[in-house]
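This report refers to the structure that appears directly beneath it.
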Amino acid sequence: MLFKWIMMVVFMPVALASSPTVSCADCIGAGDISTDGTNSWQTFYAKEGSRIVLTGSSGFWEDHDRRIGDGSSWSFTAINDVEYVLNTAKGKFFATIIVNPLSSCVPEWQSEILIDGDEYEKDNVKIVAAGEELDFAVRVKGDCKNYQIEWSVDPSSAVIFANYGSLSTKGYIPDVYSGKNPAVTVALISENGERRREQTINLMVRKNSAPAIKIKVGSAIASYTSFEVSFAGSTTGKSSNEDGDYIAKIEAWLKDARGELVSHSQKTMDQEKTLPVLTLKTGPMGAYNLTARITDKYGESAEKTMTILVAEKGDSGRDKPIIDMPPDIYCVAGEPCDVSVHSADKDIFIEYFYQGKKMVKPFKFSPGNQEVLIKAYYLDENGRRKNLITITVWVHVVANEPSPEVIAVSAETKPESGDTAVKPPPPELESLPYWCVLAVFLCAVAAMRRRHSKRQKPKS
């Protein structure tokens, strides 16, 4: 099993004419070092069994007054703490090798803290806004593998990090934050937690207000075609643009009267510029709801909704007639019945069909529930039908039952001489429907009048 170590080499000079150097053949991040006459040390990171090479300009190396090399170079495997002496004609130089676990390894900084790609030094202040999302990052160097990264902020509520343990992370400043200006710190921590390196950047939070949206569309919009939505006049503040802010996103949706999405479009910007237009596509003629939204750099948004009337025919191959559908219709049998439908489009032709035959006004029906088919269509330039639609309408027809005032015959009416008085209908007819009883009664009156007329004819 392999173990990871740190080799710390400490040199203590003793009146040397020239400085020795030390290097490590298999170490991580190793390099030659030298001394200027004071204590000097260098840290090496290596696996167990790594080779250390000590090199001097002259003399030879000793271990507790025992010569261990024939020249000024000495190579060995560092496992435990050791001390060696470079013995030269002009003095001795002491090299102490202290072996520590590699879990104490912490990489070095390669950059300051970066925010949105820009590097900020310790004394710099980054101006931000409440509601803004930022990209935080830092770069490191070295071959340390098992270390930890930790992002923190004071006050803790000032920034919410997406990943507190990554070299790069997004950080969101809550739009309701109103505390003191925060300080963001990133720390590199060794595996065993004994060593750490830190960097800090100060933020100045500016309260961001919602933008103001303005939209404009053309006055004549045709079906199944495209139209443009303009955002000209929209601002990042209530009445004007705020310093350092810009509209970062524009978006628009078009929905039909049922709330179904018909078209959607959006564009994003990474700097202040003239706002582009968005293009949406319509469906058939009718009323639509247009919703538009703008979002500023710091995440504040504003929205506006308006009704769009698509009243012109665009793509005639897909335009369907739009007619006002009547509810269920109730009529009296034998009397004219109005089943007409209406349309604002004068170019629509409408026909009515009943029991497979085309109907001609006035429409009359027999009692019962009657199904009527209504066909609406346009005519092309050759007079042929196009874009035909068929709609079913139910007509509920009731029987024609005259009121009792239509015929008023008194039971006391006396017939002329010789006539037999008209008698009321027998009891067995009283249970029949009123119109049946009435029919029987009328037939009796008619028969009586015919007999009376025969008696009045002169004899030849």
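Chain labels run A, B, ... following the order of the structure tokens; each chain numbers its residues from 1, and ligands are numbered from 1 in the order shown.
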Give the helix (DSSP H, G or I) residues of stretch 193-433 of chain A, as DSSP finds them on the backbone, and put them as a ChimeraX atom specification. /A:404-406,427-429
Contacts of A:Tyr352 at 6 Å (only C-alpha atoms; same-chain gap of 6+ positions) as number ranges by chain: A: 358-359, 373-374
Extract the full set of strand (DSSP E) residues from stretch 238-380 of chain A according to DSSP on the backbone, and format it as a ChimeraX atom specification. /A:247-256,261-268,278-281,286-296,301-310,329-332,349-354,357-358,368-379
Find the distance between atom CA of A:Pro107 and atom CA of A:Leu167 and write it in Å to one decimal. 12.0 Å
Extract, using only C-alpha atoms, all DNA, RNA and protein residues at most 8 Å from stretch 155-162 of chain A, discarding same-chain residues fewer than 2 positions from it, and format them as a list in words.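 In the requested format, the answer is Trp151, Ser152, Val153, Tyr164, Thr169, Lys170, Gly171, Tyr172, Ile173, Pro174, Tyr177, Gly179, Lys180, Pro182 and Ala183 of chain A.
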Could you write those residues out with C-alpha atoms, as a PDB file, in the first residue's frame?
```
ATOM      1  CA  TRP A 151     -16.909  29.312  -0.347  1.00  0.00           C
ATOM      2  CA  SER A 152     -18.365  31.447   2.422  1.00  0.00           C
ATOM      3  CA  VAL A 153     -19.800  34.931   2.847  1.00  0.00           C
ATOM      4  CA  TYR A 164     -19.964  25.668  -1.899  1.00  0.00           C
ATOM      5  CA  THR A 169     -19.810  28.218  -8.725  1.00  0.00           C
ATOM      6  CA  LYS A 170     -22.753  30.490  -9.304  1.00  0.00           C
ATOM      7  CA  GLY A 171     -23.729  32.831  -6.508  1.00  0.00           C
ATOM      8  CA  TYR A 172     -27.134  34.488  -6.183  1.00  0.00           C
ATOM      9  CA  ILE A 173     -27.753  37.686  -4.223  1.00  0.00           C
ATOM     10  CA  PRO A 174     -31.362  37.585  -2.936  1.00  0.00           C
ATOM     11  CA  TYR A 177     -31.208  41.477   0.689  1.00  0.00           C
ATOM     12  CA  GLY A 179     -27.925  44.098   4.961  1.00  0.00           C
ATOM     13  CA  LYS A 180     -24.363  45.361   5.088  1.00  0.00           C
ATOM     14  CA  PRO A 182     -20.763  41.355   2.238  1.00  0.00           C
ATOM     15  CA  ALA A 183     -17.292  39.835   2.016  1.00  0.00           C
TER      16      ALA A 183
END
```
I want to know what sits within 12 Å of A:Pro276, based on only C-alpha atoms, with residues of the same chain fewer than 4 positions away left out; could you give that as an MDAnalysis selection string? chainID A and resid 215 228:234 247:251 265:269 272 294
Please build the interface table for stretch 76-186 of chain A against stretch 190-203 of chain A with a cut-off of 6 Å, listing for each qualifying residue the nearest atom pair and the distance in Å to one decimal; count only C-alpha atoms, order rows by chain and increasing number, and write it as CSV.
```
residue,atom,partner,partner_atom,distance
A:Ser103,CA,A:Glu191,CA,4.9
A:Ser104,CA,A:Ser190,CA,5.1
A:Cys105,CA,A:Ser190,CA,5.5
A:Val106,CA,A:Ser190,CA,5.1
A:Lys122,CA,A:Ile201,CA,5.7
A:Val125,CA,A:Asn202,CA,5.1
A:Lys126,CA,A:Leu203,CA,4.8
A:Ile127,CA,A:Leu203,CA,5.9
A:Asn146,CA,A:Glu191,CA,5.6
A:Tyr147,CA,A:Ser190,CA,4.7
A:Asn181,CA,A:Leu203,CA,5.8
A:Pro182,CA,A:Leu203,CA,5.5
A:Ala183,CA,A:Asn202,CA,4.4
A:Val184,CA,A:Ile201,CA,5.3
A:Thr185,CA,A:Thr200,CA,4.3
A:Val186,CA,A:Gln199,CA,5.5
```
Which residues are near A:Lys207? Cut-off 10 Å, only C-alpha atoms, ignore same chain within fewer than 5 positions. Put them as a VMD selection string. chain A and resid 128 to 132 175 to 178 298
Near A:Leu254, counting only C-alpha atoms, which residues have an atom at most 6 Å away, once you skip same-chain residues fewer than 3 positions from it, shown as a list in words?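 Within the cut-off, the hits are Val262, Ser263, Asn289 and Leu290 of chain A.
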For atom CA of A:Cys331 and atom CA of A:Gly368, the interatomic separation in Å (one decimal):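 Between atom CA of A:Cys331 and atom CA of A:Gly368 the gap is 9.8 Å.
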Please compute the atom CA of A:Trp109-atom CA of A:Val205 distance, one decimal, in Å. 26.7 Å
Just want the 9 Å neighbourhood of stretch 322-325 of chain A, counted on only C-alpha atoms, with same-chain residues fewer than 5 positions away dropped. Output as JSON, numbers by chain. {"A": [284, 285, 286, 341, 342, 343, 344, 345, 348, 376, 391, 393]}
Using only C-alpha atoms, please write the residues we just selected to a file, as a PDB file, in the first residue's frame.
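Resulting contents of out02.pdb:
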```pdb
ATOM      1  CA  PRO A 284     -56.691  31.210 -37.670  1.00  0.00           C
ATOM      2  CA  MET A 285     -58.645  34.436 -37.434  1.00  0.00           C
ATOM      3  CA  GLY A 286     -59.876  35.312 -33.956  1.00  0.00           C
ATOM      4  CA  VAL A 341     -75.928  31.626 -37.980  1.00  0.00           C
ATOM      5  CA  HIS A 342     -73.989  34.823 -38.468  1.00  0.00           C
ATOM      6  CA  SER A 343     -70.436  35.884 -39.333  1.00  0.00           C
ATOM      7  CA  ALA A 344     -68.614  39.199 -39.502  1.00  0.00           C
ATOM      8  CA  ASP A 345     -66.889  37.984 -42.661  1.00  0.00           C
ATOM      9  CA  ILE A 348     -68.469  33.351 -46.012  1.00  0.00           C
ATOM     10  CA  ALA A 376     -69.784  27.291 -44.131  1.00  0.00           C
ATOM     11  CA  ILE A 391     -71.364  22.240 -37.741  1.00  0.00           C
ATOM     12  CA  VAL A 393     -77.162  22.204 -34.519  1.00  0.00           C
TER      13      VAL A 393
END
```
